[in-house]
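A.B. asks: This is the content of structure_14.cif (mmCIF, C-alpha atoms and all ligand atoms):
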```cif
data_entry
#
loop_
_atom_site.label_atom_id
_atom_site.label_comp_id
_atom_site.auth_asym_id
_atom_site.auth_seq_id
_atom_site.Cartn_x
_atom_site.Cartn_y
_atom_site.Cartn_z
CA MET A 30 5.12 40.79 -0.28
CA SER A 31 7.73 38.43 1.12
CA MET A 32 7.52 34.75 0.30
CA SER A 33 6.14 32.30 2.86
CA LYS A 34 8.57 29.78 4.40
CA SER A 35 6.77 27.07 2.42
CA GLY A 36 7.19 29.11 -0.76
CA GLU A 37 10.93 29.38 -0.15
CA TRP A 38 11.28 25.60 0.26
CA ILE A 39 9.18 24.98 -2.85
CA ALA A 40 11.48 27.28 -4.83
CA ILE A 41 14.45 25.17 -3.68
CA GLU A 42 12.63 22.01 -4.79
CA ASN A 43 11.98 23.55 -8.19
CA LYS A 44 15.62 24.41 -8.58
CA TYR A 45 17.31 21.22 -7.29
CA TYR A 46 14.99 18.23 -7.16
CA ALA A 47 14.33 15.93 -10.12
CA GLN A 48 10.92 16.95 -11.38
CA THR A 49 9.45 13.44 -11.51
CA VAL A 50 6.70 13.68 -8.90
CA ARG A 51 3.53 15.78 -8.95
CA ARG A 52 3.36 17.46 -5.57
CA GLN A 53 0.90 19.66 -3.77
CA PRO A 54 2.32 22.94 -2.40
CA VAL A 55 2.47 21.83 1.24
CA VAL A 56 5.82 21.64 3.05
CA ILE A 57 5.28 19.36 6.06
CA VAL A 58 7.66 19.89 8.96
CA LYS A 59 5.99 18.10 11.88
CA GLY A 60 3.37 15.48 12.63
CA GLU A 61 1.54 14.18 15.66
CA GLY A 62 -1.23 11.58 15.61
CA SER A 63 -3.60 12.32 12.71
CA ARG A 64 -2.32 15.88 12.21
CA VAL A 65 0.63 17.57 10.51
CA TRP A 66 1.91 21.15 10.40
CA ASP A 67 3.49 23.00 7.49
CA ALA A 68 6.53 25.29 7.46
CA ASP A 69 4.30 28.30 8.14
CA GLY A 70 2.61 26.70 11.15
CA LYS A 71 -0.69 25.81 9.42
CA GLU A 72 -2.33 22.64 10.78
CA TYR A 73 -3.86 19.88 8.62
CA LEU A 74 -5.71 16.62 9.24
CA ASP A 75 -3.72 13.99 7.38
CA PHE A 76 -5.93 11.59 5.38
CA VAL A 77 -2.94 10.54 3.25
CA ALA A 78 -0.75 9.24 6.10
CA GLY A 79 2.40 8.94 4.02
CA TRP A 80 0.41 6.95 1.38
CA ALA A 81 -1.01 4.46 3.89
CA VAL A 82 2.32 4.16 5.71
CA ASP A 83 1.75 5.99 9.01
CA ASN A 84 -0.78 3.46 10.28
CA LEU A 85 -0.32 4.46 13.94
CA GLY A 86 -0.27 8.16 13.07
CA HIS A 87 2.68 10.51 13.29
CA SER A 88 5.28 10.41 16.07
CA HIS A 89 3.68 7.44 17.83
CA PRO A 90 5.62 6.93 21.10
CA ALA A 91 6.02 3.16 20.52
CA ILE A 92 7.74 3.79 17.17
CA THR A 93 9.78 6.79 18.30
CA GLN A 94 11.06 4.91 21.33
CA ALA A 95 11.99 1.82 19.31
CA ILE A 96 13.89 3.94 16.77
CA VAL A 97 15.74 5.95 19.43
CA GLU A 98 16.71 2.83 21.39
CA GLN A 99 17.82 0.91 18.33
CA ALA A 100 19.75 3.88 16.90
CA GLY A 101 21.75 3.98 20.12
CA THR A 102 22.40 0.24 20.03
CA LEU A 103 22.98 -1.00 16.49
CA LEU A 104 21.91 0.24 13.04
CA GLN A 105 23.29 -2.01 10.34
CA THR A 106 25.46 -5.12 10.19
CA SER A 107 24.82 -6.61 6.70
CA ASN A 108 22.93 -9.86 6.25
CA GLN A 109 26.18 -11.77 6.45
CA PHE A 110 25.34 -11.87 10.16
CA TYR A 111 22.22 -12.35 12.28
CA THR A 112 20.52 -9.45 14.08
CA VAL A 113 17.83 -9.75 16.73
CA PRO A 114 15.13 -7.21 15.65
CA GLN A 115 15.00 -8.82 12.19
CA LEU A 116 14.34 -12.22 13.72
CA GLN A 117 11.77 -10.88 16.20
CA LEU A 118 9.85 -9.26 13.33
CA ALA A 119 10.11 -12.43 11.22
CA GLU A 120 8.67 -14.51 14.05
CA LEU A 121 5.88 -12.01 14.74
CA LEU A 122 4.78 -11.87 11.08
CA VAL A 123 4.93 -15.62 10.51
CA GLU A 124 3.17 -16.48 13.79
CA ASN A 125 0.35 -14.04 12.97
CA SER A 126 -0.15 -14.98 9.31
CA CYS A 127 -0.73 -18.09 7.20
CA LEU A 128 2.76 -17.81 5.70
CA ASP A 129 5.85 -19.65 6.90
CA ARG A 130 8.85 -17.63 5.73
CA VAL A 131 9.73 -13.98 5.22
CA PHE A 132 12.41 -11.91 3.50
CA PHE A 133 12.88 -8.19 4.23
CA GLY A 134 13.69 -5.53 1.62
CA ASN A 135 13.23 -1.76 1.62
CA SER A 136 10.07 -0.95 -0.35
CA GLY A 137 6.93 -2.33 -1.92
CA ALA A 138 8.46 -2.54 -5.38
CA GLU A 139 11.40 -4.45 -3.98
CA ALA A 140 9.09 -6.82 -2.10
CA ASN A 141 7.28 -7.54 -5.38
CA GLU A 142 10.58 -7.97 -7.23
CA GLY A 143 11.49 -10.69 -4.74
CA ALA A 144 8.09 -12.35 -5.14
CA LEU A 145 8.46 -12.25 -8.94
CA LYS A 146 11.90 -13.87 -8.74
CA LEU A 147 10.37 -16.51 -6.50
CA ALA A 148 7.60 -17.13 -9.09
CA ARG A 149 10.15 -17.60 -11.90
CA ARG A 150 12.17 -20.03 -9.81
CA TYR A 151 9.00 -21.87 -8.79
CA GLY A 152 7.96 -22.22 -12.43
CA LYS A 153 11.38 -23.54 -13.38
CA LEU A 154 11.32 -26.15 -10.64
CA ASN A 155 7.65 -27.15 -10.60
CA ARG A 156 6.00 -26.15 -13.88
CA ASP A 157 8.47 -27.13 -16.55
CA GLY A 158 10.02 -23.67 -16.96
CA ALA A 159 6.78 -21.67 -16.77
CA TYR A 160 7.58 -18.01 -16.13
CA GLU A 161 4.50 -15.90 -16.89
CA VAL A 162 2.66 -14.02 -14.16
CA ILE A 163 -0.95 -13.00 -14.67
CA THR A 164 -1.73 -9.57 -13.18
CA ALA A 165 -4.75 -7.25 -13.36
CA PHE A 166 -5.50 -4.07 -15.26
CA SER A 167 -5.65 -1.02 -12.95
CA SER A 168 -3.23 -2.75 -10.59
CA PHE A 169 -0.20 -1.08 -9.08
CA HIS A 170 2.89 -3.06 -8.14
CA GLY A 171 5.70 -0.46 -8.12
CA ARG A 172 8.06 1.68 -10.19
CA THR A 173 11.03 -0.62 -10.89
CA MET A 174 11.31 -2.14 -14.37
CA ALA A 175 9.77 -5.52 -13.47
CA THR A 176 7.03 -4.02 -11.32
CA VAL A 177 6.21 -1.41 -13.98
CA ALA A 178 5.73 -4.32 -16.40
CA ALA A 179 3.56 -6.09 -13.80
CA THR A 180 1.45 -2.96 -13.21
CA GLY A 181 -1.60 -3.02 -15.47
CA GLN A 182 -1.73 0.72 -16.23
CA PRO A 183 -0.30 1.89 -19.57
CA HIS A 184 0.49 5.42 -18.36
CA TYR A 185 3.14 4.03 -15.99
CA GLN A 186 4.63 1.97 -18.84
CA GLU A 187 4.58 3.89 -22.11
CA ALA A 188 7.76 5.94 -21.54
CA PHE A 189 9.78 2.85 -20.61
CA GLN A 190 9.23 0.43 -23.48
CA PRO A 191 10.39 -2.20 -24.13
CA LEU A 192 9.02 -3.71 -20.93
CA GLN A 193 10.31 -6.84 -19.28
CA PRO A 194 8.41 -9.77 -20.80
CA GLY A 195 6.49 -12.39 -18.85
CA PHE A 196 3.36 -10.51 -17.74
CA VAL A 197 -0.19 -11.05 -18.95
CA HIS A 198 -2.84 -8.53 -17.90
CA VAL A 199 -6.52 -9.36 -17.43
CA ASP A 200 -9.51 -7.47 -16.04
CA PHE A 201 -9.65 -7.29 -12.24
CA ASN A 202 -12.52 -9.13 -10.56
CA ASP A 203 -12.88 -11.50 -13.54
CA VAL A 204 -11.97 -15.11 -12.74
CA GLU A 205 -12.82 -16.37 -16.24
CA ALA A 206 -10.28 -13.93 -17.67
CA ILE A 207 -7.59 -15.53 -15.48
CA MET A 208 -8.72 -19.00 -16.61
CA ASN A 209 -8.58 -17.95 -20.28
CA ALA A 210 -5.13 -16.39 -19.87
CA THR A 211 -3.63 -19.46 -18.17
CA THR A 212 -1.28 -21.51 -20.36
CA ASP A 213 1.56 -23.92 -19.72
CA ARG A 214 3.79 -20.84 -19.47
CA THR A 215 1.87 -19.50 -16.44
CA ALA A 216 3.63 -19.71 -13.09
CA ALA A 217 1.60 -17.40 -10.86
CA VAL A 218 -1.28 -14.97 -10.44
CA LEU A 219 -0.47 -11.66 -8.71
CA VAL A 220 -3.32 -9.40 -7.54
CA GLU A 221 -4.16 -6.93 -4.80
CA PRO A 222 -7.06 -7.93 -2.48
CA VAL A 223 -8.42 -4.40 -3.07
CA GLN A 224 -6.78 -2.27 -5.75
CA GLY A 225 -5.48 0.86 -4.02
CA GLU A 226 -3.63 3.05 -6.51
CA GLY A 227 -6.02 1.96 -9.27
CA GLY A 228 -8.86 3.81 -7.53
CA VAL A 229 -9.92 1.69 -4.51
CA ASN A 230 -11.49 -1.11 -6.57
CA ILE A 231 -13.18 -3.71 -4.39
CA PRO A 232 -13.75 -7.16 -5.93
CA ALA A 233 -16.76 -9.45 -5.46
CA ASP A 234 -16.72 -11.26 -2.11
CA ASP A 235 -15.94 -14.62 -3.74
CA TYR A 236 -13.37 -13.38 -6.30
CA LEU A 237 -10.24 -14.34 -4.38
CA GLN A 238 -11.72 -17.68 -3.33
CA ARG A 239 -12.42 -18.53 -6.95
CA VAL A 240 -8.94 -17.42 -8.01
CA ARG A 241 -7.55 -19.58 -5.20
CA GLU A 242 -9.50 -22.62 -6.46
CA TRP A 243 -8.23 -22.06 -10.00
CA CYS A 244 -4.62 -21.72 -8.85
CA ASP A 245 -4.97 -24.94 -6.83
CA ARG A 246 -6.39 -26.83 -9.82
CA GLN A 247 -3.63 -25.59 -12.13
CA GLY A 248 -0.71 -25.68 -9.70
CA LEU A 249 -0.18 -21.89 -9.93
CA LEU A 250 1.06 -19.70 -7.12
CA LEU A 251 -1.49 -17.21 -5.77
CA MET A 252 0.53 -14.13 -4.88
CA LEU A 253 -1.24 -11.26 -3.09
CA ASP A 254 0.24 -7.77 -3.19
CA GLU A 255 -0.74 -6.54 0.27
CA VAL A 256 1.64 -3.59 0.20
CA GLN A 257 -1.33 -1.25 0.72
CA THR A 258 -3.93 -3.60 2.25
CA GLY A 259 -1.69 -5.37 4.77
CA LEU A 260 -1.31 -4.51 8.47
CA GLY A 261 -4.88 -3.59 9.28
CA ARG A 262 -5.93 -1.24 6.49
CA LEU A 263 -9.01 -3.30 5.47
CA GLY A 264 -10.08 -4.18 9.02
CA SER A 265 -8.12 -7.43 9.43
CA LEU A 266 -4.40 -7.79 10.05
CA PHE A 267 -4.04 -8.94 6.42
CA GLY A 268 -6.47 -8.37 3.56
CA TYR A 269 -6.66 -12.06 2.64
CA GLN A 270 -8.41 -12.69 5.98
CA GLU A 271 -11.30 -10.51 4.79
CA TYR A 272 -11.84 -12.88 1.87
CA GLY A 273 -11.31 -16.29 3.48
CA VAL A 274 -8.33 -17.36 1.37
CA GLU A 275 -4.69 -18.13 2.03
CA PRO A 276 -2.14 -16.91 -0.52
CA ASP A 277 1.03 -18.85 -1.33
CA VAL A 278 3.00 -15.63 -1.41
CA MET A 279 2.23 -12.21 0.08
CA THR A 280 4.07 -8.91 -0.19
CA LEU A 281 4.04 -6.13 2.40
CA ALA A 282 5.56 -2.64 2.71
CA LYS A 283 3.78 0.70 3.33
CA GLY A 284 1.97 0.02 6.64
CA LEU A 285 4.65 -2.40 7.79
CA GLY A 286 7.02 0.54 8.23
CA TYR A 287 4.99 2.97 10.42
CA GLY A 288 7.16 5.62 8.75
CA VAL A 289 10.43 3.80 8.10
CA PRO A 290 11.26 2.23 4.71
CA ILE A 291 10.76 -1.53 4.77
CA GLY A 292 9.18 -4.17 2.55
CA ALA A 293 8.76 -7.92 2.84
CA PHE A 294 7.73 -10.92 0.85
CA MET A 295 6.37 -13.94 2.64
CA SER A 296 5.63 -17.44 1.40
CA LYS A 297 4.30 -20.82 2.39
CA GLU A 298 7.03 -23.36 3.06
CA GLY A 299 6.20 -25.30 -0.11
CA ALA A 300 6.29 -22.19 -2.29
CA MET A 301 9.70 -20.91 -1.14
CA ALA A 302 11.58 -21.85 -4.29
CA LEU A 303 14.50 -19.49 -3.64
CA VAL A 304 17.68 -21.08 -2.29
CA PRO A 305 20.87 -19.64 -0.72
CA GLY A 306 22.51 -17.20 -3.12
CA ASP A 307 19.31 -16.44 -5.08
CA HIS A 308 18.38 -13.19 -3.37
CA GLY A 309 19.78 -10.65 -0.94
CA SER A 310 19.86 -7.01 0.12
CA THR A 311 22.36 -4.66 1.75
CA PHE A 312 19.89 -2.61 3.76
CA GLY A 313 16.96 -5.07 3.73
CA GLY A 314 15.96 -6.18 7.21
CA ASN A 315 18.46 -3.97 8.97
CA ALA A 316 18.24 -3.55 12.72
CA LEU A 317 16.78 -0.02 12.67
CA THR A 318 13.89 -0.58 10.29
CA THR A 319 12.97 -3.99 11.67
CA ALA A 320 13.03 -2.66 15.26
CA ALA A 321 10.55 0.05 14.23
CA ALA A 322 8.40 -2.40 12.25
CA TYR A 323 8.43 -4.87 15.15
CA ALA A 324 7.39 -2.24 17.70
CA GLY A 325 4.62 -0.96 15.44
CA THR A 326 3.27 -4.37 14.48
CA LYS A 327 3.37 -5.59 18.09
CA PHE A 328 1.39 -2.50 19.14
CA LEU A 329 -1.04 -2.98 16.23
CA ILE A 330 -1.72 -6.60 17.21
CA ASP A 331 -1.74 -6.16 21.01
CA ASN A 332 -4.20 -3.27 20.78
CA ASP A 333 -6.38 -4.84 18.07
CA ILE A 334 -6.06 -1.82 15.80
CA PRO A 335 -7.51 -3.85 12.85
CA GLY A 336 -10.66 -4.34 14.99
CA GLN A 337 -10.83 -0.56 15.52
CA VAL A 338 -10.56 -0.10 11.75
CA LYS A 339 -13.50 -2.43 11.22
CA ALA A 340 -15.53 -0.48 13.77
CA MET A 341 -14.62 2.86 12.12
CA GLU A 342 -15.43 1.76 8.54
CA PRO A 343 -19.20 2.39 8.74
CA HIS A 344 -18.55 5.82 10.25
CA LEU A 345 -16.22 6.95 7.48
CA LEU A 346 -18.37 5.48 4.68
CA GLY A 347 -21.51 6.88 6.31
CA ARG A 348 -20.06 10.39 6.39
CA LEU A 349 -18.87 10.09 2.78
CA ASN A 350 -22.33 8.93 1.69
CA GLU A 351 -23.83 12.01 3.39
CA LEU A 352 -21.56 14.15 1.22
CA LYS A 353 -22.73 12.20 -1.82
CA SER A 354 -26.35 12.99 -1.06
CA ARG A 355 -25.48 16.66 -0.62
CA PHE A 356 -23.23 17.21 -3.67
CA SER A 357 -24.69 15.98 -6.95
CA PHE A 358 -21.27 15.86 -8.68
CA ILE A 359 -20.16 12.99 -6.38
CA SER A 360 -20.95 9.90 -8.44
CA ASP A 361 -19.67 7.09 -6.20
CA VAL A 362 -18.47 6.28 -2.67
CA ARG A 363 -16.58 3.06 -2.06
CA GLY A 364 -14.27 1.68 0.56
CA LYS A 365 -13.27 -1.12 2.86
CA GLY A 366 -11.76 -0.62 6.30
CA LEU A 367 -10.04 2.76 6.23
CA LEU A 368 -9.30 2.74 2.50
CA ALA A 369 -11.97 4.68 0.64
CA ALA A 370 -12.60 6.79 -2.44
CA LEU A 371 -15.02 9.45 -3.60
CA GLU A 372 -15.58 9.56 -7.35
CA PHE A 373 -16.75 12.67 -9.20
CA ASP A 374 -18.65 12.95 -12.47
CA SER A 375 -15.78 15.03 -13.97
CA ASP A 376 -12.03 15.53 -13.55
CA ILE A 377 -12.05 17.87 -10.56
CA SER A 378 -9.70 16.03 -8.16
CA GLY A 379 -6.99 18.67 -8.52
CA GLN A 380 -9.38 21.47 -7.63
CA VAL A 381 -10.83 19.52 -4.69
CA LEU A 382 -7.33 18.86 -3.33
CA THR A 383 -6.36 22.53 -3.61
CA ASN A 384 -9.53 23.59 -1.78
CA ALA A 385 -9.04 20.85 0.83
CA ASN A 386 -5.48 22.00 1.50
CA ALA A 387 -6.76 25.52 2.06
CA ALA A 388 -9.37 24.12 4.49
CA GLY A 389 -6.67 22.16 6.38
CA LEU A 390 -7.11 18.64 5.01
CA LEU A 391 -4.63 16.43 3.15
CA LEU A 392 -6.08 13.97 0.62
CA ASN A 393 -4.78 11.93 -2.31
CA GLY A 394 -5.94 12.44 -5.88
CA VAL A 395 -6.02 8.79 -6.91
CA LYS A 396 -7.56 9.52 -10.32
CA PRO A 397 -8.38 12.74 -12.18
CA ASN A 398 -11.98 12.15 -11.08
CA ALA A 399 -11.46 10.42 -7.70
CA ILE A 400 -9.89 11.17 -4.33
CA ARG A 401 -8.63 8.57 -1.88
CA PHE A 402 -8.86 8.42 1.92
CA MET A 403 -6.23 6.45 3.83
CA PRO A 404 -5.99 8.09 7.26
CA PRO A 405 -3.95 6.66 10.13
CA LEU A 406 -5.66 3.52 11.44
CA THR A 407 -5.78 5.14 14.89
CA ILE A 408 -7.97 8.02 13.69
CA THR A 409 -10.92 8.80 15.97
CA ALA A 410 -14.55 9.35 14.95
CA ALA A 411 -14.22 13.00 16.05
CA GLU A 412 -11.19 13.48 13.77
CA ILE A 413 -13.07 11.89 10.86
CA ASP A 414 -15.97 14.28 11.50
CA GLU A 415 -13.59 17.23 11.60
CA GLY A 416 -11.96 16.12 8.34
CA ILE A 417 -15.34 15.62 6.67
CA GLY A 418 -16.29 19.14 7.79
CA ARG A 419 -13.19 20.53 6.11
CA LEU A 420 -13.89 18.47 2.99
CA GLU A 421 -17.43 19.82 2.91
CA GLN A 422 -16.02 23.38 2.85
CA ALA A 423 -13.71 22.36 0.01
CA LEU A 424 -16.55 20.80 -2.00
CA ALA A 425 -18.87 23.75 -1.40
CA GLN A 426 -16.41 25.95 -3.32
CA ILE A 427 -16.49 23.79 -6.46
C1 LIG A 501 2.66 1.54 -3.11
C2 LIG A 501 2.47 0.18 -3.67
C3 LIG A 501 3.56 -0.53 -4.22
C4 LIG A 501 4.93 0.08 -4.37
O1 LIG A 501 5.51 0.35 -3.14
P1 LIG A 501 6.82 1.28 -3.08
O2 LIG A 501 7.23 1.23 -1.64
O3 LIG A 501 6.40 2.65 -3.52
O4 LIG A 501 7.83 0.70 -3.97
C5 LIG A 501 3.33 -1.81 -4.66
N1 LIG A 501 2.12 -2.38 -4.57
C6 LIG A 501 1.05 -1.73 -4.04
C7 LIG A 501 -0.27 -2.42 -3.96
C8 LIG A 501 1.19 -0.41 -3.59
O5 LIG A 501 0.13 0.24 -3.10
#
```
Kindly transcribe the structure held in the file into structure tokens.

C.D. replies:
Amino acid sequence: MSMSKSGEWIAIENKYYAQTVRRQPVVIVKGEGSRVWDADGKEYLDFVAGWAVDNLGHSHPAITQAIVEQAGTLLQTSNQFYTVPQLQLAELLVENSCLDRVFFGNSGAEANEGALKLARRYGKLNRDGAYEVITAFSSFHGRTMATVAATGQPHYQEAFQPLQPGFVHVDFNDVEAIMNATTDRTAAVLVEPVQGEGGVNIPADDYLQRVREWCDRQGLLLMLDEVQTGLGRLGSLFGYQEYGVEPDVMTLAKGLGYGVPIGAFMSKEGAMALVPGDHGSTFGGNALTTAAAYAGTKFLIDNDIPGQVKAMEPHLLGRLNELKSRFSFISDVRGKGLLAALEFDSDISGQVLTNANAAGLLLNGVKPNAIRFMPPLTITAAEIDEGIGRLEQALAQI
């Protein structure tokens, strides 16, 4: 039997690519809206969406057009000079958030690196040299050395000891733990509004407000990692709006890019401790990526996509809860906006994903016993129903 086209590409990956990522055997060649197609022409509903990146779905005309136009006009100039799309995106983000300033990099990890540098500088200037950042267990902040140290999950860290010092980890959703960990070395608290990579962990409604109050009392920066929750994912433009708090610093990436690589950190005027010469980037904020991010964010805001997400949340969670009542091995359903997880009573994620792929559905195995849903924010109720139907087939074979 001759090998499928996908099989041929996978053999090339095995031979040439660094084997650092666990992949599923799906070679995606094309996407449109909430669907993608593999190298053999098989169609899938995409509930991964580039890991919560493709918030307007695949090949959205607003993004494609912005990229094509910008590519024919100007790609990259270096930040030694000013470019217009960068400034349009900066204005749009600041005018639609509680933050006053923004810096553009190329990824979520890089956005967090910038925020962590800002926290160190802030501590030096305002807290007598304080440099520690309190972060949460089960958090995820990236794969660079500083963000690996910030991430509160040992399995991302063990191979890379010794870690960069200056991070203290406490339980998520536990304000007292933050209070107990605060010392005169503490400069900032860094948490996600909802933990994504850690398994879609949703805190108590008043958690962030209470953290905010503590940071205010102690003069600490509250830094929110909104790389996954930002740009509509939770049903508001930014996750902090769901919880009635304003961070001093916020990081963005994933959904900000609509498919192109971009990250950002934003801060209140009074928190922007970095000064000329402290930070920079060759590619960060270049004309191509910021033109795409501007077009996507403008579309997202003008068409109230976060409002659509809020309206779709009960539908998705309702359908997932129906599955829970049908399959006894589903132990939990949780979610906010269009970020959700199904938890199983044993480690069957891998098997569920394999079955789901066969049924034409892409999902993320967020934990050995949990799968994550992060479809495009433009997904329709009919597409959710179709995806749930395919998932039901996959679960029925367990
Ligand atoms: C994905 C993610 C990151 C890392 O982003 P990269 O672009 O992969 O570097 C950081 N923080 C959170 C909350 C994330 O979900």

A.B. asks: Considering all atoms listed in the file, tabulate each residue of region 340-391 of chain A that lies at most 8 Å from region 230-248 of chain A along with its nearest interatomic pair and the corresponding distance in Å to one decimal; arrange the rows by chain and ascending residue number and present them as a tab-separated table.

C.D. replies:
```
residue	atom	partner	partner_atom	distance
A:Arg363	CA	A:Ile231	CA	7.9
A:Gly364	CA	A:Ile231	CA	7.4
A:Lys365	CA	A:Ile231	CA	7.7
```

A.B. asks: Hey, which of A:Leu219, A:Ile163, A:Leu345, A:Val56 ends up closest to ligand LIG 501 (chain A)? Count only C-alpha atoms and all ligand atoms.

C.D. replies: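 The answer is A:Leu219, which sits nearest to ligand LIG 501 (chain A).
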
A.B. asks: Can you work out which residues are within 8 Å of ligand LIG 501 (chain A), considering all atoms listed in the file, and then hand them over as an MDAnalysis selection string?

C.D. replies: chainID A and resid 80 135:141 168:173 176 221 224:226 254:258 282:283 290:292

A.B. asks: Kindly extract all protein, DNA and RNA residues lying within 12 Å of the coordinates (12.5, -1.3, -21.7) given in the file, considering all atoms listed in the file, and supply them as JSON, numbers by chain.

C.D. replies: {"A": [173, 174, 175, 177, 178, 186, 187, 188, 189, 190, 191, 192, 193, 194]}

A.B. asks: Nearest to Ile427 (chain A): which of A:Glu271, A:Asp376, A:Glu161, A:Asp129 is it, counting all atoms listed in the file?

C.D. replies: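 The answer is A:Asp376, which sits nearest to Ile427 (chain A).
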
A.B. asks: Between A:Lys71, A:Arg64, A:His308, A:His198, which residue has the minimum interatomic distance to His89 (chain A), considering all atoms listed in the file?

C.D. replies: A:Arg64

A.B. asks: What does the distance between CA of Leu253 (chain A) and CA of Thr212 (chain A) come to in Å, to one decimal place?

C.D. replies: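 Answer for the CA of Leu253 (chain A) to CA of Thr212 (chain A) separation: 20.1 Å.
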
A.B. asks: Counting only C-alpha atoms, figure out which residue out of A:Lys339, A:Lys353, A:Lys146, A:Arg51 gets nearest to Gly268 (chain A).

C.D. replies: A:Lys339

A.B. asks: When distances are computed from all atoms listed in the file, which of A:Asp361, A:Ala388, A:Leu104, A:Gly134 shows the smallest separation from Ser310 (chain A)?

C.D. replies: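 Closest candidate: A:Gly134.
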
A.B. asks: For each of A:Gly62, A:Gly264, A:Pro54, A:Gly152, take the minimum atom-to-atom distance to Pro405 (chain A), counting all atoms listed in the file, then give the residue where this is smallest.

C.D. replies: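 That would be A:Gly62, the residue with the smallest distance to Pro405 (chain A).
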
A.B. asks: Enumerate, in order of chain and increasing residue number, the residues of region 264-322 of chain A with an atom no farther than 10 Å from region 332-336 of chain A, each with its shortest atom pair and distance in Å to one decimal, counting only C-alpha atoms, as CSV.

C.D. replies:
```
residue,atom,partner,partner_atom,distance
A:Gly264,CA,A:Pro335,CA,4.6
A:Ser265,CA,A:Pro335,CA,5.0
A:Leu266,CA,A:Pro335,CA,5.7
A:Phe267,CA,A:Pro335,CA,8.9
```

A.B. asks: What gap, in Å, lies between CA of Glu72 (chain A) and CA of Trp38 (chain A)?

C.D. replies: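 Calculated distance between CA of Glu72 (chain A) and CA of Trp38 (chain A) is 17.5 Å.
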
A.B. asks: If we count only C-alpha atoms, what is near region 117-120 of chain A at a cut-off of 8 Å, once residues fewer than 3 positions away on the same chain are taken out, given as an MDAnalysis selection string?

C.D. replies: chainID A and resid 113:114 123:124 130:131 319:320 322:323

A.B. asks: Could you list, with a cut-off of 12 Å and counting only C-alpha atoms, the residues of region 127-230 of chain A near region 296-300 of chain A, each shown with its nearest atom pair and the distance in Å rounded to one decimal, rows sorted by chain and ascending number, as a Markdown table?

C.D. replies:
```
| residue | atom | partner | partner_atom | distance |
| --- | --- | --- | --- | --- |
| A:Cys127 | CA | A:Lys297 | CA | 7.5 |
| A:Leu128 | CA | A:Lys297 | CA | 4.7 |
| A:Asp129 | CA | A:Lys297 | CA | 4.9 |
| A:Arg130 | CA | A:Ser296 | CA | 5.4 |
| A:Val131 | CA | A:Ser296 | CA | 6.6 |
| A:Phe132 | CA | A:Ser296 | CA | 9.0 |
| A:Ala140 | CA | A:Ser296 | CA | 11.7 |
| A:Gly143 | CA | A:Ser296 | CA | 10.8 |
| A:Ala144 | CA | A:Ser296 | CA | 8.6 |
| A:Leu145 | CA | A:Ser296 | CA | 11.9 |
| A:Lys146 | CA | A:Ala300 | CA | 11.9 |
| A:Leu147 | CA | A:Ala300 | CA | 8.2 |
| A:Ala148 | CA | A:Ala300 | CA | 8.6 |
| A:Arg149 | CA | A:Ala300 | CA | 11.3 |
| A:Arg150 | CA | A:Ala300 | CA | 9.8 |
| A:Tyr151 | CA | A:Ala300 | CA | 7.0 |
| A:Gly152 | CA | A:Ala300 | CA | 10.3 |
| A:Leu154 | CA | A:Ala300 | CA | 10.5 |
| A:Asn155 | CA | A:Ala300 | CA | 9.8 |
| A:Ala216 | CA | A:Ala300 | CA | 11.4 |
| A:Ala217 | CA | A:Ala300 | CA | 10.9 |
```

A.B. asks: In Å, how far is it from CA of Phe196 (chain A) to CA of Val162 (chain A)?

C.D. replies: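 A separation of 5.1 Å between them.
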
A.B. asks: Name the residues in contact with Asn108 (chain A) at a cut-off of 8 Å, using all atoms listed in the file, excluding same-chain residues fewer than 2 positions from it; report them as a list in words.

C.D. replies: Thr106, Phe110, Tyr111, Gly309, Ser310, Thr311, Gly314 and Asn315 of chain A

A.B. asks: Taking every listed atom of region 131-150 of chain A and adding 8 Å to each side, what centre and edge lengths in Å (one decimal) does the axis-aligned box have, as lines of an AutoDock Vina configuration file?

C.D. replies:
```
center_x = 10.3
center_y = -10.5
center_z = -3.3
size_x = 22.8
size_y = 35.1
size_z = 33.1
```
